[in-house]
>>> print(open('final-v8.cif').read())   # mmCIF, C-alpha atoms
data_coords
loop_
_atom_site.group_PDB
_atom_site.id
_atom_site.type_symbol
_atom_site.label_atom_id
_atom_site.label_comp_id
_atom_site.auth_asym_id
_atom_site.auth_seq_id
_atom_site.Cartn_x
_atom_site.Cartn_y
_atom_site.Cartn_z
ATOM 1 C CA MET A 868 20.258 74.893 -17.505
ATOM 2 C CA ALA A 869 16.865 73.311 -17.193
ATOM 3 C CA ILE A 870 14.350 72.142 -19.728
ATOM 4 C CA LEU A 871 11.057 73.752 -18.762
ATOM 5 C CA GLU A 872 7.631 72.217 -19.238
ATOM 6 C CA ILE A 873 5.837 73.736 -22.218
ATOM 7 C CA GLU A 874 2.227 74.676 -21.482
ATOM 8 C CA THR A 875 -0.269 73.391 -24.032
ATOM 9 C CA PHE A 876 -3.610 74.546 -25.385
ATOM 10 C CA GLY A 877 -6.075 75.012 -22.550
ATOM 11 C CA ALA A 878 -3.562 76.334 -20.011
ATOM 12 C CA GLU A 879 -4.868 79.610 -18.564
ATOM 13 C CA VAL A 880 -1.465 81.293 -18.751
ATOM 14 C CA LEU A 881 -1.586 81.087 -22.567
ATOM 15 C CA ARG A 882 -4.680 83.333 -22.667
ATOM 16 C CA LYS A 883 -3.489 86.000 -20.201
ATOM 17 C CA VAL A 884 -1.918 89.322 -21.098
ATOM 18 C CA ALA A 885 1.627 88.987 -19.738
ATOM 19 C CA GLU A 886 3.066 91.417 -17.189
ATOM 20 C CA PRO A 887 5.992 93.744 -18.007
ATOM 21 C CA ILE A 888 9.352 92.875 -16.489
ATOM 22 C CA GLU A 889 10.445 95.569 -14.038
ATOM 23 C CA ASN A 890 13.905 94.231 -13.103
ATOM 24 C CA ILE A 891 16.372 92.178 -15.077
ATOM 25 C CA ASP A 892 17.736 90.175 -12.178
ATOM 26 C CA ASP A 893 19.384 86.774 -11.853
ATOM 27 C CA ALA A 894 15.982 85.033 -11.911
ATOM 28 C CA ILE A 895 15.096 86.643 -15.265
ATOM 29 C CA LEU A 896 18.523 85.836 -16.730
ATOM 30 C CA LYS A 897 18.141 82.207 -15.585
ATOM 31 C CA LEU A 898 14.652 82.087 -17.137
ATOM 32 C CA VAL A 899 16.091 83.393 -20.435
ATOM 33 C CA GLU A 900 18.807 80.720 -20.351
ATOM 34 C CA ASP A 901 16.296 77.962 -19.543
ATOM 35 C CA MET A 902 13.920 79.192 -22.247
ATOM 36 C CA PHE A 903 16.652 79.017 -24.888
ATOM 37 C CA HIS A 904 17.570 75.522 -23.715
ATOM 38 C CA THR A 905 13.907 74.451 -23.808
ATOM 39 C CA MET A 906 13.348 75.994 -27.259
ATOM 40 C CA TYR A 907 16.385 74.263 -28.760
ATOM 41 C CA GLU A 908 15.432 70.911 -27.206
ATOM 42 C CA ALA A 909 11.805 71.085 -28.390
ATOM 43 C CA PRO A 910 12.988 71.986 -31.173
ATOM 44 C CA GLY A 911 11.565 75.395 -32.020
ATOM 45 C CA VAL A 912 12.559 78.786 -33.362
ATOM 46 C CA GLY A 913 10.817 80.897 -30.724
ATOM 47 C CA LEU A 914 9.385 80.625 -27.242
ATOM 48 C CA ALA A 915 7.429 83.089 -25.097
ATOM 49 C CA ALA A 916 7.517 83.108 -21.295
ATOM 50 C CA PRO A 917 3.777 82.284 -21.004
ATOM 51 C CA GLN A 918 4.488 79.051 -22.894
ATOM 52 C CA VAL A 919 6.631 77.924 -19.967
ATOM 53 C CA GLY A 920 4.191 79.092 -17.302
ATOM 54 C CA HIS A 921 5.518 82.616 -16.654
ATOM 55 C CA SER A 922 3.114 85.457 -17.417
ATOM 56 C CA LEU A 923 5.962 87.840 -18.289
ATOM 57 C CA ARG A 924 6.687 89.929 -21.406
ATOM 58 C CA LEU A 925 9.724 87.941 -22.522
ATOM 59 C CA VAL A 926 10.477 85.983 -25.685
ATOM 60 C CA VAL A 927 13.475 84.120 -27.027
ATOM 61 C CA ILE A 928 13.980 83.629 -30.745
ATOM 62 C CA ASP A 929 16.446 81.949 -33.068
ATOM 63 C CA HIS A 930 14.753 82.167 -36.462
ATOM 64 C CA ALA A 931 17.920 81.209 -38.345
ATOM 65 C CA LEU A 932 17.516 77.565 -37.298
ATOM 66 C CA GLU A 933 14.541 77.153 -39.636
ATOM 67 C CA GLU A 934 16.516 78.679 -42.472
ATOM 68 C CA GLY A 935 19.524 76.379 -41.925
ATOM 69 C CA LYS A 936 21.835 79.274 -41.014
ATOM 70 C CA PRO A 937 24.094 79.604 -37.972
ATOM 71 C CA GLY A 938 22.137 80.511 -34.854
ATOM 72 C CA GLU A 939 21.047 84.079 -34.183
ATOM 73 C CA PRO A 940 19.701 83.835 -30.615
ATOM 74 C CA MET A 941 17.807 86.874 -29.392
ATOM 75 C CA ALA A 942 16.043 87.563 -26.092
ATOM 76 C CA LEU A 943 13.504 90.386 -26.143
ATOM 77 C CA ILE A 944 12.243 91.821 -22.852
ATOM 78 C CA ASN A 945 9.071 93.941 -22.879
ATOM 79 C CA PRO A 946 9.010 93.912 -26.705
ATOM 80 C CA VAL A 947 6.660 96.166 -28.644
ATOM 81 C CA ILE A 948 5.916 96.214 -32.357
ATOM 82 C CA LEU A 949 6.274 99.858 -33.408
ATOM 83 C CA SER A 950 5.100 99.390 -36.986
ATOM 84 C CA ARG A 951 4.153 96.694 -39.466
ATOM 85 C CA ALA A 952 4.657 96.618 -43.209
ATOM 86 C CA GLU A 953 1.409 96.777 -45.153
ATOM 87 C CA GLU A 954 2.636 93.939 -47.347
ATOM 88 C CA GLU A 955 1.692 90.544 -45.945
ATOM 89 C CA ASP A 956 2.172 86.921 -46.812
ATOM 90 C CA GLN A 957 0.507 83.676 -45.887
ATOM 91 C CA MET A 958 2.502 80.776 -44.493
ATOM 92 C CA GLU A 959 1.798 77.664 -42.494
ATOM 93 C CA GLU A 960 2.583 78.044 -38.795
ATOM 94 C CA GLY A 961 2.778 75.684 -35.883
ATOM 95 C CA CYS A 962 3.384 76.177 -32.180
ATOM 96 C CA LEU A 963 5.140 74.279 -29.422
ATOM 97 C CA SER A 964 2.050 74.850 -27.245
ATOM 98 C CA ILE A 965 -0.275 73.330 -29.848
ATOM 99 C CA PRO A 966 1.528 70.186 -31.022
ATOM 100 C CA ASP A 967 0.515 68.445 -34.238
ATOM 101 C CA VAL A 968 -1.384 71.434 -35.649
ATOM 102 C CA SER A 969 -0.147 73.644 -38.452
ATOM 103 C CA GLU A 970 -2.266 75.954 -40.560
ATOM 104 C CA PRO A 971 -1.854 79.010 -42.805
ATOM 105 C CA VAL A 972 -1.663 82.402 -41.057
ATOM 106 C CA ILE A 973 -1.254 85.852 -42.608
ATOM 107 C CA ARG A 974 1.491 88.074 -41.139
ATOM 108 C CA SER A 975 3.205 91.317 -42.102
ATOM 109 C CA LEU A 976 6.402 90.828 -44.095
ATOM 110 C CA ALA A 977 8.330 93.292 -41.903
ATOM 111 C CA VAL A 978 8.053 94.777 -38.420
ATOM 112 C CA ASP A 979 9.909 97.423 -36.442
ATOM 113 C CA VAL A 980 10.381 96.339 -32.835
ATOM 114 C CA ALA A 981 11.595 97.992 -29.635
ATOM 115 C CA ALA A 982 12.644 95.905 -26.638
ATOM 116 C CA ILE A 983 15.162 95.645 -23.850
ATOM 117 C CA ASN A 984 18.025 93.162 -24.108
ATOM 118 C CA THR A 985 19.432 91.083 -21.252
ATOM 119 C CA ASP A 986 21.988 93.842 -20.529
ATOM 120 C CA GLY A 987 19.115 96.215 -19.789
ATOM 121 C CA LYS A 988 19.696 98.287 -22.925
ATOM 122 C CA GLU A 989 16.873 99.421 -25.164
ATOM 123 C CA ILE A 990 17.193 98.019 -28.666
ATOM 124 C CA LYS A 991 15.330 98.652 -31.888
ATOM 125 C CA LEU A 992 15.339 96.348 -34.858
ATOM 126 C CA THR A 993 13.680 95.867 -38.198
ATOM 127 C CA ALA A 994 12.800 92.248 -38.866
ATOM 128 C CA GLU A 995 11.822 90.945 -42.278
ATOM 129 C CA GLY A 996 10.602 87.689 -43.754
ATOM 130 C CA PHE A 997 10.719 84.657 -41.499
ATOM 131 C CA GLN A 998 12.247 86.586 -38.578
ATOM 132 C CA ALA A 999 9.324 89.049 -38.713
ATOM 133 C CA ARG A 1000 6.864 86.134 -38.720
ATOM 134 C CA VAL A 1001 8.509 84.507 -35.677
ATOM 135 C CA ILE A 1002 8.529 87.794 -33.757
ATOM 136 C CA GLN A 1003 4.842 88.444 -34.507
ATOM 137 C CA HIS A 1004 3.925 84.885 -33.483
ATOM 138 C CA GLU A 1005 5.848 85.086 -30.190
ATOM 139 C CA LEU A 1006 4.630 88.586 -29.308
ATOM 140 C CA ASP A 1007 1.044 87.422 -29.852
ATOM 141 C CA HIS A 1008 1.663 84.959 -26.991
ATOM 142 C CA LEU A 1009 2.358 87.935 -24.702
ATOM 143 C CA ASP A 1010 -1.173 89.188 -25.367
ATOM 144 C CA GLY A 1011 -2.893 85.815 -24.938
ATOM 145 C CA ILE A 1012 -3.285 85.279 -28.682
ATOM 146 C CA LEU A 1013 -2.547 81.890 -30.251
ATOM 147 C CA PHE A 1014 -1.870 81.235 -33.912
ATOM 148 C CA VAL A 1015 -5.095 79.198 -34.133
ATOM 149 C CA ASP A 1016 -6.932 82.495 -33.531
ATOM 150 C CA LYS A 1017 -5.466 83.735 -36.822
ATOM 151 C CA ILE A 1018 -5.947 80.750 -39.131
ATOM 152 C CA VAL A 1019 -6.807 82.192 -42.545
ATOM 153 C CA SER A 1020 -9.904 80.101 -43.248
ATOM 154 C CA LEU A 1021 -12.695 80.848 -40.785
ATOM 155 C CA LEU A 1022 -14.134 77.371 -41.324
ATOM 156 C CA LYS A 1023 -10.749 75.720 -40.693
ATOM 157 C CA ARG A 1024 -10.208 77.942 -37.632
ATOM 158 C CA ARG A 1025 -13.507 76.778 -36.147
ATOM 159 C CA MET A 1026 -12.760 73.122 -36.939
ATOM 160 C CA VAL A 1027 -9.293 73.265 -35.355
ATOM 161 C CA LYS A 1028 -10.565 75.011 -32.220
ATOM 162 C CA LYS A 1029 -13.420 72.513 -31.914
ATOM 163 C CA ARG A 1030 -10.964 69.600 -32.235
ATOM 164 C CA LEU A 1031 -8.669 71.159 -29.611
ATOM 165 C CA ALA A 1032 -11.596 71.748 -27.249
ATOM 166 C CA LYS A 1033 -12.618 68.075 -27.578
ATOM 167 C CA LYS A 1034 -9.052 66.998 -26.782
ATOM 168 C CA LEU A 1035 -9.136 69.206 -23.704
ATOM 169 C CA LYS A 1036 -12.344 67.614 -22.423
ATOM 170 C CA ARG A 1037 -10.758 64.158 -22.671
ATOM 171 C CA ARG A 1038 -7.862 65.137 -20.407
#
>>> encode(input="final-v8.cif", output="structure tokens")
Amino acid sequence: MAILEIETFGAEVLRKVAEPIENIDDAILKLVEDMFHTMYEAPGVGLAAPQVGHSLRLVVIDHALEEGKPGEPMALINPVILSRAEEEDQMEEGCLSIPDVSEPVIRSLAVDVAAINTDGKEIKLTAEGFQARVIQHELDHLDGILFVDKIVSLLKRRMVKKRLAKKLKRR
């Protein structure tokens, strides 16, 4: 297993719409394994393939870590949100690709998701609470959307993006 480099704000791959995975081959299975290893080392509760430089529709999640429960690792290939609960909540989010920034974001309290697992089987699941939040956050990455694009306060969103842009110029 390898620890992959996590792309940070400003990397082009983070703003691209990721490509669907056509074949679940050894390379994809190795990427899944490396992504889990990278996520746990970071530490995080979710990681999308674009965050490690691969513009592919793949995420790994283990939301239970945040809740202090035994791990519930899940790899979702070509995931799609089928429906979202109308009920939403606001919670502070952060991101491995945007270190040292956390701000409130509104997300649906539940989502229905379809995806393919690493065995190539289609799966459907209903996620609620924190798991739903993690899935929505990670699937946004597959469409080039970052959590800073969804910061609740428009003023705060502009300030954070301006600060990140300044940091980028100094690199």
>>> closest_residue(input="final-v8.cif", among="A:Glu886, A:Asp893, A:Glu900, A:Asp1016", to="Ala869 of chain A", atoms="all atoms listed in the file")
A:Glu900
>>> closest_residue(input="final-v8.cif", among="A:Gln957, A:Asn945, A:Ser964, A:Ser1020", to="Phe876 of chain A", atoms="all atoms listed in the file")
A:Ser964
>>> closest_residue(input="final-v8.cif", among="A:Glu889, A:Glu953, A:Glu872, A:Glu879", to="Val919 of chain A", atoms="all atoms listed in the file")
A:Glu872
>>> resolve_selection(input="final-v8.cif", expression="the PyMOL selection byres ((chain A and resi 950) around 9)", output="ChimeraX atom specification")
/A:948-949,951-952,977-980
>>> write_last_selection(input="final-v8.cif", atoms="C-alpha atoms", output="PDB file, in the frame of the given file")
ATOM      1  CA  ILE A 948       5.916  96.214 -32.357  1.00  0.00           C
ATOM      2  CA  LEU A 949       6.274  99.858 -33.408  1.00  0.00           C
ATOM      3  CA  ARG A 951       4.153  96.694 -39.466  1.00  0.00           C
ATOM      4  CA  ALA A 952       4.657  96.618 -43.209  1.00  0.00           C
ATOM      5  CA  ALA A 977       8.330  93.292 -41.903  1.00  0.00           C
ATOM      6  CA  VAL A 978       8.053  94.777 -38.420  1.00  0.00           C
ATOM      7  CA  ASP A 979       9.909  97.423 -36.442  1.00  0.00           C
ATOM      8  CA  VAL A 980      10.381  96.339 -32.835  1.00  0.00           C
TER       9      VAL A 980
END
>>> resolve_selection(input="final-v8.cif", expression="the PyMOL selection byres ((chain A and resi 910) around 12)", output="PyMOL selection string")
chain A and resi 870+873+902-909+911-914+928-930+932-933+961-964+966
>>> residues_around(input="final-v8.cif", residues="Arg1025 of chain A", least_positions_apart="6", cutoff="10 Å", atoms="only C-alpha atoms", output="ChimeraX atom specification")
/A:1015-1016,1018,1031
>>> residues_around(input="final-v8.cif", residues="Gln1003 of chain A", least_positions_apart="3", cutoff="9 Å", atoms="only C-alpha atoms", output="MDAnalysis selection string")
chainID A and resid 948 974:975 978 998:1000 1006:1008
>>> atom_distance(input="final-v8.cif", atom1="atom CA of Asp986 of chain A", atom2="atom CA of Pro917 of chain A")
21.6 Å
>>> resolve_selection(input="final-v8.cif", expression="the PyMOL selection byres ((chain A and resi 1010) around 7)", output="PyMOL selection string")
chain A and resi 883-885+1007-1009+1011-1012
>>> write_last_selection(input="final-v8.cif", atoms="C-alpha atoms", output="compact mmCIF listing (two decimals), in the frame of the given file")
# COMPACT_ATOMS: atom_id res chain seq x y z
CA LYS A 883 -3.49 86.00 -20.20
CA VAL A 884 -1.92 89.32 -21.10
CA ALA A 885 1.63 88.99 -19.74
CA ASP A 1007 1.04 87.42 -29.85
CA HIS A 1008 1.66 84.96 -26.99
CA LEU A 1009 2.36 87.94 -24.70
CA GLY A 1011 -2.89 85.82 -24.94
CA ILE A 1012 -3.28 85.28 -28.68
>>> closest_residue(input="final-v8.cif", among="A:Val880, A:Val1001, A:Val947, A:Ala931", to="Glu989 of chain A", atoms="only C-alpha atoms")
A:Val947
>>> atom_distance(input="final-v8.cif", atom1="atom CA of Ile944 of chain A", atom2="atom CA of Ile891 of chain A")
8.8 Å
>>> atom_distance(input="final-v8.cif", atom1="atom CA of Asn984 of chain A", atom2="atom CA of Arg924 of chain A")
12.1 Å
>>> closest_residue(input="final-v8.cif", among="A:Lys1034, A:Lys897, A:Ala942, A:Ala916", to="Gly987 of chain A", atoms="all atoms listed in the file")
A:Ala942
